[in-house]
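S.K.: Quick one: the structure is below, questions incoming.
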Amino acid sequence: MRVPIRHIAGHLVWSTHGSVWALYRLHPGPDGQGRREESVQGTYVPEAVRDEQLGRITHLVRSLSGTPRLFGLCAQVDPGEVALRMIEGIEPGDPASDEGPHPWVENVEATLDLLGRQEMHRRTLWLAVPLATETAGLRMAASVGSVWAELGPALGVRPVPVARREVNAYREQAARVEAALAGGIAFRAARPAEVVWMLQHAVHRGLPEPLLTEAETSPLYGGRVRDGVLHSPSYADLGQVRLHEGGIDPAADDAEDVKGREGVTRSGRGAWWRMNSGSPLRRRWLQVESEAGTGYQAQLALAECPPSVSQDSADLFAQLELLDFPVDYTVDLSLVPAEKARDQVRRKKNELIDQADQYDARPTGMPSSLTDAARDLGELDARLSRTSVEVEVQSVTVLSVWGPTAAVCDARARALTALLAGADYRAVRPTGLQEALFTLGLPATVRPGAAREFTQHQVSEDWALGGAFTTAEVGDPAGMFLGIDLDCGTTRPVMINVADAPKQDASASMGIVGDLGAGKSVLQKLIAESVWARGGRAICIDRTPVREWASFARTAAAGRCQIIDAAKAEASIDPLRMFHGPQGRHYALSYLTLQLGIGPMSTSGEVLHHAVGQAAASDAPSMHRVLEVLEEMAAREAGRRQDAAATLAGLVRVVAANSLAAMVFDPALPPVRLDASSTSDMIVITTAGLTLPPQAAFDKPEVLQQQPLEALIGRAVLYLIAAIARQTAFEDPGRFTAVVLDELYWLTSSAEGTALVHEILHDGRKHGAGLLAGSHDARELGPDRGLMAYRALARTADRERARRGLEFVGLDPDDPHLLRLVTTGLSPVGQRGREGEFLLTCPRQNTGRVKTVVPRISRITSSITTTPGPTSRPAAGESAEILTREGVR
């Protein structure tokens, strides 16, 4: 194969055909300093955002001129890349420590085992713009360089160098191109190693290919200006490839049973009817043989587009992502200004008039196709006349599929043809043009003359509707492996990193909405487990009678968890024993005024304040000591203070005698540990047994005072639990803490619980904390739910709740397609393997459909689900089967 590259200087490429191209990476992601240059689009976007994106792409197309070329390439993703992103930002353990491997290592290894057999890729977009030669000297230099590139390989000499003035002249032209592109979509100059990767990717389709991740940081392959000329390394080794159109696959064609098969298989020569193989007209693929092996590719050209298509179904290139195999596309563009395009339209109109006159003389009359053509030309003329900046896009689109064998490649090509036919697009696999269309997909090549017959004519806005310049991504760039992207036919990992959100000036809080059994708790547990395993801490308030979070913590975080059971009173949450100084006095006084129902500015409030202060200043501060101080005051004081002290002591004694308040007043219980040691990486506070007053009682003090003692104790204890969660989450901003609140309605039904949610949502980011809240209805997340940067919507059968859920994740609540997806399309009941499907929105405002995957780690799988009764769990090797889609692989 002839390498089309002669020199590379930065993002400028001198081709062997005499042209010079500037290559750019579209949607480049983070720059060299780790800053993200753009917001990432998800699969599902609001209509206003979609219109804005369409406007930007249309502006970009109109800003271009000449014959630019767009490449949409699917870069292979190695499981090791996912593993590196999972450990990004994690501090390594102390090598002198005997605690064993880092707790996150097990999760990374489980992910590697799961993804090891999957076909993974990521869509990358590249724009190549040919630079025009403005002076005779540059044209002459380009012609000489092209001729020398033809003769050089035969003579065994290096390509002719390029003068410094020529390099500078083309850099100035590239700067003007970049100025014209500004304001459209994000881009950056391609690196020399990335340009070479584009060539390597094309010849390694169907084989293990060099990773784009390595090329993004590689300093190789670039030329340098020395002594006034550009010197580039040799690119000859990149052409050590044999291209054979209609090559024979021994496995598919039974070539091993043919006499003289070796010569036939290697050269492709010989009479095909003497072999056990099909006709060359049926072998419509390209056999590419390189040092890495032999791969098979099929090039399909878009031969016909529908004359009109709705905006909702025009996203041709987005639909390619739905296939269960990757598809590359190359779009060779020729942009014609409006005035020139109108002249062409007028000529075609005159030709139609002549044809109509000829058909009038025939008995059959004029065919209806002429009327349709005249109508289309009239509409095109009107749209070209609407604005002088309009352009006509004349495009040649080539779609590439591949496989390790010819049979797989052929089956994928047929599947792609069927998909396009369903959308009224006709794609053909031209025999004899496979190598020519393959060459079109290489950087810095000229368009083959035979490809012009596949030219499609559209105005800029209609062409932009195809979505060739857009990509979709869900999740965060790094973090925990959450699951897979369901909007992609192949396996595309989805990662989120809630702990990193505060460092990116975003909220780390997450709201999860869905029906019973839709997977809310499983998602919360996966995130909470990843938080502590990656070095953070999780505080969980568990209200379930079965104490599911306590069971999960004992297995998933064995030796690193702390269980606080409010009903069993095994540990003390006495604020005077847990907090020292003013904090302890503040929480103790607030708890007692809330529990006893007294005003802080009354006589009883003053006596209580004095008693708390004396108890806190004693050698052994505790809430039990407050009761003793009140009894002492009742014995020695006089008047109203004595009466108030006696009354308060009696009320406190009634509360302390109740078993539900033992964890506050029993001095024999060990206090809860709130230090940052490994023993408290996951703190679970179970509130089973605590009851709260009804929400209506909080609006009427007289009704609240008539509530049962258990309800009043539960309300006050809940305040202390909220104080523990708040204090622990905010005490160390350098260590991320996730406060997990499942079934949030129970907590937000009280003023104390609502205050906790409010404070974490408003102040959590600056303290390195976030809220993980689950609820059955978006309204139950509270009035501040808009501050949650992470949002997930699971199956919601009720249409009104589904609408509120869609509005919560930022989508159109009245879209019938989205409503059908949420009510019936997410985790359908009874369908094995469909559990844990969500619509997920992350801080970058990219919304997509994902499926959570539970890592095959026994300490996690043993207690993460809450399905009652015996359940059949998938075997260790069955997780990979869940990821594999039906169809051709």
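Ordering of the structure tokens sets the chain letters (A, B, ...); residue numbers start at 1 within each chain; ligands are numbered from 1 in the order shown.
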Counting only C-alpha atoms, what is within 8 Å of range 119-133 of chain A, bar same-chain residues fewer than 4 positions away, as a PyMOL selection string?

M.R.: chain A and resi 19-27+66-78+138-139+170+173-174+325-326+443-444+469+471+490-492

S.K.: Mind listing the strand (DSSP E) residues of range 608-798 of chain A, per DSSP on the backbone, as an NGL selection string?

M.R.: :A and (682-686 or 737-741 or 769-775 or 790-793)

S.K.: Pick from A:Gly782, A:Pro813, A:Pro337, A:Gly825: nearest to Ser460 in chain A, with only C-alpha atoms counted?

M.R.: A:Pro337

S.K.: Check the smallest atom-to-atom distance from each of A:Ala436, A:Leu811, A:Ala175, A:Ala792 to Leu12 in chain A using only C-alpha atoms, then report the winner.

M.R.: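 Between A:Ala436, A:Leu811, A:Ala175, A:Ala792, the residue approaching Leu12 in chain A most closely is A:Ala175.
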
S.K.: Go ahead and compute the interatomic distance for CA of Glu807 in chain A and CA of Val853 in chain A, in Å to one decimal.

M.R.: 25.8 Å

S.K.: Give me, as a ChimeraX atom specification, the residues of range 577-672 of chain A that a backbone DSSP run labels alpha helix (DSSP H).

M.R.: /A:577-578,582-596,603-617,623-636,639-656,662-665
